[in-house]
file final-v6.txt (compact mmCIF, C-alpha atoms)
# COMPACT_ATOMS: atom_id res chain seq x y z
CA MET M 144 4.64 -8.40 9.74
CA MET M 145 3.44 -11.71 8.37
CA LYS M 146 5.46 -14.34 6.54
CA ILE M 147 4.83 -14.72 2.81
CA ASN M 148 6.12 -16.76 -0.10
CA LEU M 149 7.18 -14.11 -2.60
CA LYS M 150 7.48 -15.03 -6.26
CA ILE M 151 11.01 -14.41 -7.51
CA ASP M 152 9.64 -13.25 -10.86
CA ASP M 153 7.52 -10.61 -9.08
CA LEU M 154 10.58 -9.32 -7.23
CA VAL M 155 12.60 -9.25 -10.45
CA ASN M 156 9.88 -7.42 -12.40
CA GLU M 157 9.05 -4.92 -9.67
CA LEU M 158 12.69 -3.90 -9.07
CA SER M 159 13.89 -4.35 -12.71
CA LEU M 160 16.52 -6.91 -11.69
CA SER M 161 18.71 -9.18 -13.77
CA VAL M 162 18.82 -12.85 -12.82
CA ILE M 163 22.31 -14.26 -12.33
CA TYR M 164 21.08 -17.47 -10.73
CA LYS M 165 17.45 -18.26 -9.94
CA GLY M 166 17.58 -21.74 -8.45
CA ASP M 167 14.95 -24.47 -8.53
CA ALA M 168 12.26 -22.74 -6.46
CA ASP M 169 9.83 -20.16 -7.83
CA THR M 170 9.39 -18.39 -4.47
CA ILE M 171 11.39 -17.18 -1.49
CA THR M 172 10.12 -16.90 2.09
CA ILE M 173 10.09 -13.33 3.46
CA ASP M 174 8.98 -12.14 6.91
CA THR M 175 10.63 -8.71 7.13
CA SER M 176 11.34 -5.73 4.89
CA ASP M 177 14.69 -5.11 6.60
CA LEU M 178 17.81 -5.83 4.55
CA ASN M 179 21.21 -7.12 5.63
CA ARG M 180 24.54 -5.75 4.38
CA PRO M 181 26.81 -8.80 4.85
CA GLY M 182 30.13 -7.01 5.43
CA LEU M 183 30.65 -8.62 8.84
CA GLN M 184 29.81 -12.06 7.48
CA MET M 185 32.39 -11.69 4.70
CA ALA M 186 34.87 -10.78 7.45
CA GLY M 187 34.04 -14.06 9.20
CA PHE M 188 31.66 -12.86 11.94
CA PHE M 189 28.49 -14.96 11.83
CA GLU M 190 27.05 -14.30 15.28
CA TYR M 191 23.78 -12.34 15.26
CA PHE M 192 23.55 -12.95 11.51
CA ALA M 193 20.09 -11.89 10.23
CA VAL M 194 19.60 -14.93 8.01
CA ASN M 195 15.90 -14.21 7.41
CA ARG M 196 16.58 -10.93 5.59
CA VAL M 197 17.22 -10.24 1.91
CA GLN M 198 20.98 -9.80 1.55
CA LEU M 199 22.39 -6.73 -0.22
CA PHE M 200 25.92 -6.50 -1.63
CA GLY M 201 27.27 -3.08 -2.51
CA MET M 202 30.65 -1.77 -3.60
CA VAL M 203 32.22 -2.14 -0.13
CA GLU M 204 31.12 -5.74 0.45
CA MET M 205 32.06 -6.86 -3.05
CA ASN M 206 35.50 -5.24 -2.99
CA PHE M 207 36.25 -6.72 0.43
CA LEU M 208 35.13 -10.16 -0.74
CA GLN M 209 37.24 -10.07 -3.90
CA ASN M 210 40.36 -9.04 -1.94
CA LEU M 211 40.21 -12.24 0.12
CA ASP M 212 42.34 -15.19 -0.90
CA ARG M 213 40.38 -17.83 -2.82
CA GLU M 214 40.31 -20.45 -0.08
CA THR M 215 39.06 -18.01 2.58
CA MET M 216 36.50 -16.58 0.18
CA ARG M 217 35.18 -20.04 -0.67
CA GLU M 218 34.97 -21.05 2.99
CA ARG M 219 33.10 -17.93 4.12
CA LEU M 220 30.70 -17.98 1.17
CA ASP M 221 29.87 -21.62 1.87
CA ILE M 222 29.02 -20.82 5.51
CA TYR M 223 27.11 -17.74 4.37
CA PHE M 224 24.91 -19.49 1.79
CA ALA M 225 24.46 -22.57 3.99
CA SER M 226 22.59 -20.31 6.45
CA LYS M 227 19.49 -20.52 4.18
CA ILE M 228 19.25 -16.80 3.33
CA PRO M 229 16.25 -15.84 1.09
CA CYS M 230 18.26 -14.30 -1.77
CA VAL M 231 21.17 -12.02 -2.62
CA LEU M 232 20.84 -8.64 -4.33
CA ILE M 233 23.88 -7.00 -5.94
CA GLY M 234 23.92 -3.29 -6.72
CA ARG M 235 25.74 -1.24 -9.39
CA ASN M 236 25.85 -4.23 -11.78
CA LEU M 237 28.91 -5.48 -9.91
CA THR M 238 30.16 -8.82 -11.25
CA PRO M 239 30.19 -11.43 -8.48
CA PRO M 240 33.16 -13.82 -8.22
CA GLU M 241 32.75 -17.37 -9.49
CA GLU M 242 32.98 -18.65 -5.92
CA MET M 243 29.77 -16.81 -5.04
CA ILE M 244 27.86 -18.35 -7.95
CA GLU M 245 29.17 -21.81 -7.04
CA ALA M 246 28.04 -21.41 -3.42
CA ALA M 247 24.65 -20.07 -4.53
CA LYS M 248 24.11 -23.07 -6.82
CA LYS M 249 25.25 -25.49 -4.11
CA HIS M 250 22.68 -24.13 -1.64
CA ASN M 251 20.01 -23.22 -4.24
CA THR M 252 19.93 -19.50 -3.37
CA PRO M 253 18.84 -16.87 -5.95
CA VAL M 254 21.36 -14.17 -6.89
CA LEU M 255 19.93 -11.05 -8.53
CA MET M 256 21.56 -7.91 -9.90
CA SER M 257 20.57 -4.25 -10.33
CA GLY M 258 22.19 -1.26 -12.01
CA LEU M 259 21.00 1.03 -9.20
CA THR M 260 23.34 2.36 -6.55
CA THR M 261 23.23 0.37 -3.33
CA THR M 262 21.36 3.11 -1.46
CA LYS M 263 18.64 3.44 -4.11
CA LEU M 264 18.33 -0.33 -4.46
CA SER M 265 17.98 -0.64 -0.69
CA HIS M 266 15.24 1.99 -0.60
CA ARG M 267 13.23 0.54 -3.48
CA THR M 268 13.49 -2.99 -2.09
CA THR M 269 12.40 -1.93 1.40
CA VAL M 270 9.41 0.03 0.06
CA TYR M 271 8.33 -2.92 -2.09
CA LEU M 272 8.70 -5.46 0.72
CA ASP M 273 6.82 -3.15 3.11
CA ARG M 274 3.91 -3.22 0.69
CA VAL M 275 3.78 -6.97 0.04
CA LEU M 276 4.16 -7.76 3.75
CA ALA M 277 1.57 -5.23 4.91
CA PRO M 278 -1.63 -6.55 6.59
CA SER M 279 -4.57 -6.58 4.18
CA ILE M 280 -8.31 -7.26 4.09
CA SER M 281 -11.06 -7.19 1.44
CA ARG M 282 -14.31 -5.27 1.77
CA HIS M 283 -17.52 -5.24 -0.28
CA ALA M 284 -17.42 -1.55 -1.22
CA GLY M 285 -16.29 0.92 -3.87
CA LEU M 286 -13.40 3.36 -3.79
CA MET M 287 -13.28 6.73 -5.56
CA ASP M 288 -10.87 9.67 -5.77
CA VAL M 289 -13.10 12.75 -5.41
CA TYR M 290 -11.25 16.09 -5.44
CA GLY M 291 -8.14 14.25 -4.21
CA VAL M 292 -9.95 12.60 -1.29
CA GLY M 293 -10.06 8.80 -1.21
CA ILE M 294 -13.69 7.92 -0.46
CA LEU M 295 -14.76 4.40 0.45
CA LEU M 296 -18.35 3.87 -0.71
CA MET M 297 -20.16 1.43 1.59
CA GLY M 298 -23.71 0.18 1.83
CA ASP M 299 -25.92 -2.85 1.36
CA SER M 300 -26.04 -4.63 -1.98
CA GLY M 301 -28.36 -2.82 -4.40
CA VAL M 302 -28.27 0.51 -2.56
CA GLY M 303 -26.67 2.23 -5.58
CA LYS M 304 -22.92 2.31 -4.89
CA SER M 305 -21.92 1.48 -8.47
CA GLU M 306 -24.42 3.90 -10.02
CA THR M 307 -23.16 6.66 -7.72
CA ALA M 308 -19.56 5.83 -8.62
CA LEU M 309 -20.43 5.95 -12.33
CA GLU M 310 -22.03 9.38 -11.94
CA LEU M 311 -18.89 10.59 -10.15
CA VAL M 312 -16.75 9.28 -13.03
CA LYS M 313 -18.94 11.20 -15.48
CA ARG M 314 -18.36 14.33 -13.39
CA GLY M 315 -14.59 14.00 -13.79
CA HIS M 316 -13.59 12.00 -10.72
CA ARG M 317 -11.61 8.76 -10.75
CA LEU M 318 -12.55 5.15 -10.05
CA VAL M 319 -10.19 2.98 -8.02
CA ALA M 320 -12.37 -0.05 -7.30
CA ASP M 321 -15.97 -1.22 -7.64
CA ASP M 322 -17.66 -4.00 -5.65
CA VAL M 323 -14.47 -5.31 -3.96
CA VAL M 324 -11.72 -3.19 -2.37
CA GLU M 325 -8.43 -4.73 -1.24
CA ILE M 326 -7.32 -2.64 1.75
CA VAL M 327 -3.67 -2.55 2.83
CA LYS M 328 -2.23 -1.02 6.02
CA LEU M 329 0.94 0.83 5.08
CA SER M 330 1.56 2.53 8.43
CA ASP M 331 -0.05 3.03 11.84
CA ASN M 332 -2.33 5.77 10.47
CA GLN M 333 -2.66 5.04 6.75
CA VAL M 334 -4.63 2.49 4.76
CA THR M 335 -4.83 2.33 0.98
CA GLY M 336 -7.24 0.54 -1.29
CA GLN M 337 -7.05 -1.00 -4.73
CA SER M 338 -9.10 -3.29 -6.94
CA PRO M 339 -8.39 -7.00 -7.39
CA GLU M 340 -6.46 -7.33 -10.65
CA VAL M 341 -9.06 -9.55 -12.33
CA ILE M 342 -11.79 -6.84 -12.11
CA ARG M 343 -9.57 -3.74 -12.18
CA HIS M 344 -11.22 -0.70 -13.85
CA MET M 345 -14.44 -2.68 -14.32
CA MET M 346 -17.87 -1.87 -12.92
CA GLU M 347 -21.17 -3.75 -12.71
CA ILE M 348 -24.26 -1.70 -13.55
CA ARG M 349 -27.59 -3.46 -13.02
CA GLY M 350 -29.48 -3.71 -16.30
CA ILE M 351 -26.34 -3.23 -18.42
CA GLY M 352 -23.80 -5.65 -17.01
CA ILE M 353 -20.02 -5.28 -16.76
CA ILE M 354 -18.45 -2.14 -18.24
CA ASP M 355 -14.77 -1.19 -18.62
CA VAL M 356 -14.45 2.34 -17.24
CA ARG M 357 -10.94 2.86 -18.60
CA THR M 358 -12.03 1.99 -22.12
CA LEU M 359 -15.24 4.06 -22.01
CA TYR M 360 -13.93 7.16 -20.22
CA GLY M 361 -10.16 7.07 -20.77
CA ILE M 362 -7.10 6.48 -18.62
CA GLY M 363 -7.75 9.72 -16.71
CA ALA M 364 -10.91 8.22 -15.21
CA VAL M 365 -9.15 5.48 -13.22
CA LEU M 366 -6.49 5.05 -10.54
CA LEU M 367 -4.59 1.94 -9.46
CA GLU M 368 -4.73 2.75 -5.74
CA LYS M 369 -5.70 5.50 -3.31
CA SER M 370 -5.38 6.27 0.38
CA ILE M 371 -8.70 5.84 2.18
CA GLU M 372 -9.42 9.08 3.99
CA LEU M 373 -13.22 9.15 4.30
CA ALA M 374 -15.89 6.43 4.39
CA VAL M 375 -19.38 7.18 3.09
CA ASN M 376 -22.15 4.80 4.12
CA LEU M 377 -25.22 4.82 1.87
CA GLU M 378 -28.41 3.83 3.73
CA LEU M 379 -31.94 3.47 2.39
CA GLY M 380 -34.62 5.63 3.97
CA ASP M 381 -33.92 8.25 6.63
CA PRO M 382 -31.83 6.68 9.42
CA MET M 383 -32.51 8.17 12.85
CA HIS M 384 -28.87 8.05 14.00
CA ILE M 385 -27.64 10.66 11.50
CA ASP M 386 -26.07 13.80 12.99
CA ARG M 387 -27.88 16.54 11.05
CA LEU M 388 -25.56 19.36 12.14
CA GLY M 389 -22.22 17.61 11.70
CA LEU M 390 -20.98 18.44 15.21
CA SER M 391 -20.02 14.86 16.04
CA GLN M 392 -17.59 12.70 14.09
CA GLU M 393 -18.04 8.96 13.66
CA TYR M 394 -15.32 6.51 12.65
CA ILE M 395 -14.89 3.03 11.30
CA THR M 396 -11.78 0.96 11.99
CA LEU M 397 -9.89 -0.65 9.12
CA LEU M 398 -6.92 -2.80 10.16
CA GLY M 399 -6.65 -0.79 13.36
CA VAL M 400 -6.75 2.60 11.60
CA LYS M 401 -9.65 4.95 12.41
CA VAL M 402 -11.26 6.43 9.28
CA PRO M 403 -13.88 9.23 9.52
CA THR M 404 -17.28 8.12 8.28
CA ILE M 405 -20.57 9.80 7.36
CA THR M 406 -23.96 8.31 6.56
CA ILE M 407 -25.96 9.59 3.59
CA PRO M 408 -29.65 8.64 3.28
CA VAL M 409 -30.66 7.21 -0.10
CA ARG M 410 -34.07 8.39 -1.29
CA PRO M 411 -35.62 8.98 -4.73
CA GLY M 412 -34.65 12.34 -6.17
CA ARG M 413 -31.42 12.80 -4.21
CA ASN M 414 -28.31 13.37 -6.31
CA LEU M 415 -25.81 11.28 -4.35
CA ALA M 416 -22.86 12.21 -6.57
CA ILE M 417 -23.24 15.94 -5.80
CA ILE M 418 -23.67 15.20 -2.09
CA ILE M 419 -20.47 13.10 -2.08
CA GLU M 420 -18.62 15.90 -3.88
CA VAL M 421 -19.71 18.29 -1.13
CA ALA M 422 -18.71 15.73 1.50
CA ALA M 423 -15.21 15.53 -0.05
CA MET M 424 -14.80 19.31 -0.12
CA ASN M 425 -16.14 19.63 3.43
CA PHE M 426 -13.70 16.94 4.58
CA ARG M 427 -10.79 18.89 3.07
CA LEU M 428 -12.05 22.04 4.77
CA ARG M 429 -12.24 20.28 8.14
CA SER M 430 -8.74 18.88 7.59
CA MET M 431 -7.53 22.49 7.36
CA GLY M 432 -9.09 23.25 10.73
CA HIS M 433 -12.38 24.82 9.64
CA SER M 434 -15.67 23.30 10.78
CA THR M 435 -18.80 25.11 9.60
CA ALA M 436 -20.99 23.39 12.20
CA GLU M 437 -18.67 24.37 15.08
CA HIS M 438 -18.42 27.93 13.72
CA LEU M 439 -22.23 28.19 13.65
CA ASP M 440 -22.47 26.69 17.13
CA SER M 441 -20.05 29.27 18.55
CA LYS M 442 -22.00 32.10 16.87
CA LEU M 443 -25.27 30.87 18.38
CA LEU M 444 -23.67 30.65 21.81
CA SER M 445 -22.38 34.22 21.49
CA ILE M 446 -25.95 35.36 20.72
CA ILE M 447 -27.64 33.31 23.42
CA ALA M 448 -25.20 34.14 26.20
CA PRO M 449 -25.84 37.95 26.28
CA GLU M 450 -29.61 37.36 26.07
CA SER M 451 -29.52 35.02 29.05
CA MET M 452 -27.63 37.63 31.09
CA LYS M 453 -30.35 40.32 30.68
CA GLY M 454 -32.53 38.89 33.38
CA VAL M 455 -29.65 38.69 35.87

call {"tool": "encode", "arguments": {"input": "final-v6.txt", "output": "structure tokens"}}
result
Amino acid sequence: MMKINLKIDDLVNELSLSVIYKGDADTITIDTSDLNRPGLQMAGFFEYFAVNRVQLFGMVEMNFLQNLDRETMRERLDIYFASKIPCVLIGRNLTPPEEMIEAAKKHNTPVLMSGLTTTKLSHRTTVYLDRVLAPSISRHAGLMDVYGVGILLMGDSGVGKSETALELVKRGHRLVADDVVEIVKLSDNQVTGQSPEVIRHMMEIRGIGIIDVRTLYGIGAVLLEKSIELAVNLELGDPMHIDRLGLSQEYITLLGVKVPTITIPVRPGRNLAIIIEVAAMNFRLRSMGHSTAEHLDSKLLSIIAPESMKGV
């Protein structure tokens, strides 16, 4: 994972945290989604201390800390916060001792609190950090949810991606992004896409200008993000490389993840929205193990084979 400067306010808002002490800086440096439970550090063991991780105090750590005598507590907290940890999270709305706040202020380390149990807070924090640390790219494309399938609409500028997306919205499908898609790799085999916030739910239609799809068609016509499961490339004319039977499967690679792709010719009179709907349903069918092209191919072979044996 990469290293990022995460805004403290973003962390607070995303996890619904209370700020006990924020410090002078607006950001913290994060390079991993792993958390550290500092029980061993409160016991005085600082070898192999994961200082680069967000620190999480639960009931056990806090009770152990508060049972120490004041001088020992102050000494260990000073060593702990002097290690330049990113921040401290406290679960269950547990009140930290004054010595902790003093050490945090001395070393300018944010201390944040949540009412969640330690386990739930740990899970939510890890999921959030996984997302903000995930590799990402931007692509000139559109992204639609068609029958539950995330379809990345690709093609040259002016080929009709936005008009096709608008027709799909009119037919009851949902827009995720138009023109620019921010793609994030969440795991080794999953990428998701979303729109940049500044143009979210907006679409450019040549001759009309910018429209707000959420306002025109309602909240049910848009999504914030969607897994990218199929890429559809719109090409003008009648490209020669198209597999007309659908026996072969082509892929594009996004952040190291292979995504199935199909090419649809764009010609006057073709209803691209209906074709993309069929492509989405056919993709779901293939995902369940049924391929119409392969089924037809096997039937033809069963017919041809007996005929070829007659002359033997």

call {"tool": "residues_around", "arguments": {"input": "final-v6.txt", "residues": "Glu420 of chain M", "least_positions_apart": "4", "cutoff": "7 Å", "atoms": "only C-alpha atoms", "output": "list in words"}}
result
Val289, Ala416 and Met424 of chain M

call {"tool": "atom_distance", "arguments": {"input": "final-v6.txt", "atom1": "atom CA of Arg413 of chain M", "atom2": "atom CA of Gly363 of chain M"}}
result
26.9 Å

call {"tool": "atom_distance", "arguments": {"input": "final-v6.txt", "atom1": "atom CA of Gly315 of chain M", "atom2": "atom CA of Ser281 of chain M"}}
result
26.3 Å

call {"tool": "closest_residue", "arguments": {"input": "final-v6.txt", "among": "M:Val292, M:Leu208, M:Ala186, M:Leu160", "to": "Gly234 of chain M", "atoms": "only C-alpha atoms"}}
result
M:Leu160

call {"tool": "closest_residue", "arguments": {"input": "final-v6.txt", "among": "M:Arg410, M:Arg217, M:Arg282, M:His250", "to": "Ala168 of chain M", "atoms": "only C-alpha atoms"}}
result
M:His250

call {"tool": "residues_around", "arguments": {"input": "final-v6.txt", "residues": "Ile353 of chain M", "least_positions_apart": "4", "cutoff": "12 Å", "atoms": "only C-alpha atoms", "output": "CSV table (one decimal) with C-alpha atoms, in the coordinates of the input"}}
result
chain,number,residue,atom,x,y,z
M,305,SER,CA,-21.9,1.5,-8.5
M,321,ASP,CA,-16.0,-1.2,-7.6
M,322,ASP,CA,-17.7,-4.0,-5.6
M,342,ILE,CA,-11.8,-6.8,-12.1
M,343,ARG,CA,-9.6,-3.7,-12.2
M,344,HIS,CA,-11.2,-0.7,-13.8
M,345,MET,CA,-14.4,-2.7,-14.3
M,346,MET,CA,-17.9,-1.9,-12.9
M,347,GLU,CA,-21.2,-3.8,-12.7
M,348,ILE,CA,-24.3,-1.7,-13.6
M,349,ARG,CA,-27.6,-3.5,-13.0
M,359,LEU,CA,-15.2,4.1,-22.0

call {"tool": "closest_residue", "arguments": {"input": "final-v6.txt", "among": "M:Val162, M:Leu296, M:Leu183, M:Val400", "to": "Val324 of chain M", "atoms": "only C-alpha atoms"}}
result
M:Leu296

call {"tool": "decode", "arguments": {"input": "final-v6.txt", "residues": "segment 254-266 of chain M", "atoms": "all heavy atoms", "output": "CSV table (one decimal), in the first residue's frame"}}
result
chain,number,residue,atom,x,y,z
M,254,VAL,N,-5.9,12.4,19.7
M,254,VAL,CA,-6.5,11.4,20.4
M,254,VAL,C,-8.0,11.5,20.1
M,254,VAL,O,-8.6,12.5,20.3
M,254,VAL,CB,-6.3,11.5,21.9
M,254,VAL,CG1,-7.1,10.5,22.7
M,254,VAL,CG2,-4.8,11.5,22.3
M,255,LEU,N,-8.6,10.4,19.6
M,255,LEU,CA,-10.0,10.4,19.1
M,255,LEU,C,-10.8,9.3,19.8
M,255,LEU,O,-10.2,8.3,20.2
M,255,LEU,CB,-10.0,10.2,17.6
M,255,LEU,CG,-9.1,11.1,16.8
M,255,LEU,CD1,-9.0,10.6,15.4
M,255,LEU,CD2,-9.5,12.5,16.9
M,256,MET,N,-12.1,9.5,20.0
M,256,MET,CA,-12.9,8.6,20.8
M,256,MET,C,-14.1,8.2,20.0
M,256,MET,O,-14.7,8.9,19.2
M,256,MET,CB,-13.3,9.3,22.1
M,256,MET,CG,-14.2,8.4,23.0
M,256,MET,SD,-14.8,9.3,24.4
M,256,MET,CE,-13.3,9.5,25.4
M,257,SER,N,-14.6,6.9,20.2
M,257,SER,CA,-15.8,6.4,19.6
M,257,SER,C,-16.6,5.6,20.7
M,257,SER,O,-16.1,5.1,21.6
M,257,SER,CB,-15.4,5.4,18.5
M,257,SER,OG,-16.5,4.7,18.0
M,258,GLY,N,-17.9,5.6,20.4
M,258,GLY,CA,-18.8,4.9,21.3
M,258,GLY,C,-18.9,3.4,20.9
M,258,GLY,O,-19.5,2.6,21.7
M,259,LEU,N,-18.3,3.0,19.8
M,259,LEU,CA,-18.4,1.6,19.4
M,259,LEU,C,-17.6,0.7,20.2
M,259,LEU,O,-16.6,1.2,20.9
M,259,LEU,CB,-17.9,1.5,17.9
M,259,LEU,CG,-18.7,2.2,16.8
M,259,LEU,CD1,-18.0,2.1,15.5
M,259,LEU,CD2,-20.1,1.6,16.7
M,260,THR,N,-17.9,-0.6,20.3
M,260,THR,CA,-17.1,-1.5,20.9
M,260,THR,C,-15.7,-1.6,20.2
M,260,THR,O,-15.6,-1.2,19.0
M,260,THR,CB,-17.7,-2.9,20.9
M,260,THR,OG1,-17.8,-3.4,19.6
M,260,THR,CG2,-19.1,-2.9,21.6
M,261,THR,N,-14.7,-2.1,20.9
M,261,THR,CA,-13.4,-2.1,20.3
M,261,THR,C,-13.3,-2.9,19.0
M,261,THR,O,-12.7,-2.5,18.0
M,261,THR,CB,-12.4,-2.6,21.3
M,261,THR,OG1,-12.6,-2.0,22.6
M,261,THR,CG2,-10.9,-2.4,20.8
M,262,THR,N,-14.0,-4.1,19.0
M,262,THR,CA,-14.0,-4.9,17.8
M,262,THR,C,-14.7,-4.2,16.6
M,262,THR,O,-14.1,-4.2,15.5
M,262,THR,CB,-14.8,-6.2,18.1
M,262,THR,OG1,-14.1,-6.9,19.2
M,262,THR,CG2,-14.7,-7.1,16.9
M,263,LYS,N,-15.8,-3.6,16.8
M,263,LYS,CA,-16.5,-2.9,15.7
M,263,LYS,C,-15.7,-1.7,15.2
M,263,LYS,O,-15.6,-1.4,14.0
M,263,LYS,CB,-17.9,-2.5,16.2
M,263,LYS,CG,-18.9,-3.7,16.3
M,263,LYS,CD,-20.3,-3.2,16.7
M,263,LYS,CE,-21.2,-4.4,16.9
M,263,LYS,NZ,-22.6,-3.9,17.3
M,264,LEU,N,-15.1,-1.0,16.2
M,264,LEU,CA,-14.3,0.2,15.8
M,264,LEU,C,-13.1,-0.3,15.0
M,264,LEU,O,-12.7,0.4,14.0
M,264,LEU,CB,-13.9,0.9,17.1
M,264,LEU,CG,-13.0,2.2,16.8
M,264,LEU,CD1,-13.7,3.2,15.9
M,264,LEU,CD2,-12.6,2.8,18.2
M,265,SER,N,-12.5,-1.4,15.4
M,265,SER,CA,-11.3,-1.9,14.7
M,265,SER,C,-11.7,-2.3,13.2
M,265,SER,O,-11.0,-2.0,12.3
M,265,SER,CB,-10.8,-3.1,15.4
M,265,SER,OG,-9.8,-3.8,14.6
M,266,HIS,N,-12.9,-2.9,13.1
M,266,HIS,CA,-13.3,-3.4,11.8
M,266,HIS,C,-13.6,-2.1,10.9
M,266,HIS,O,-13.2,-2.1,9.7
M,266,HIS,CB,-14.6,-4.2,11.9
M,266,HIS,CG,-15.2,-4.6,10.6
M,266,HIS,ND1,-14.6,-5.4,9.7
M,266,HIS,CD2,-16.4,-4.1,10.0
M,266,HIS,CE1,-15.4,-5.6,8.6
M,266,HIS,NE2,-16.4,-4.8,8.8
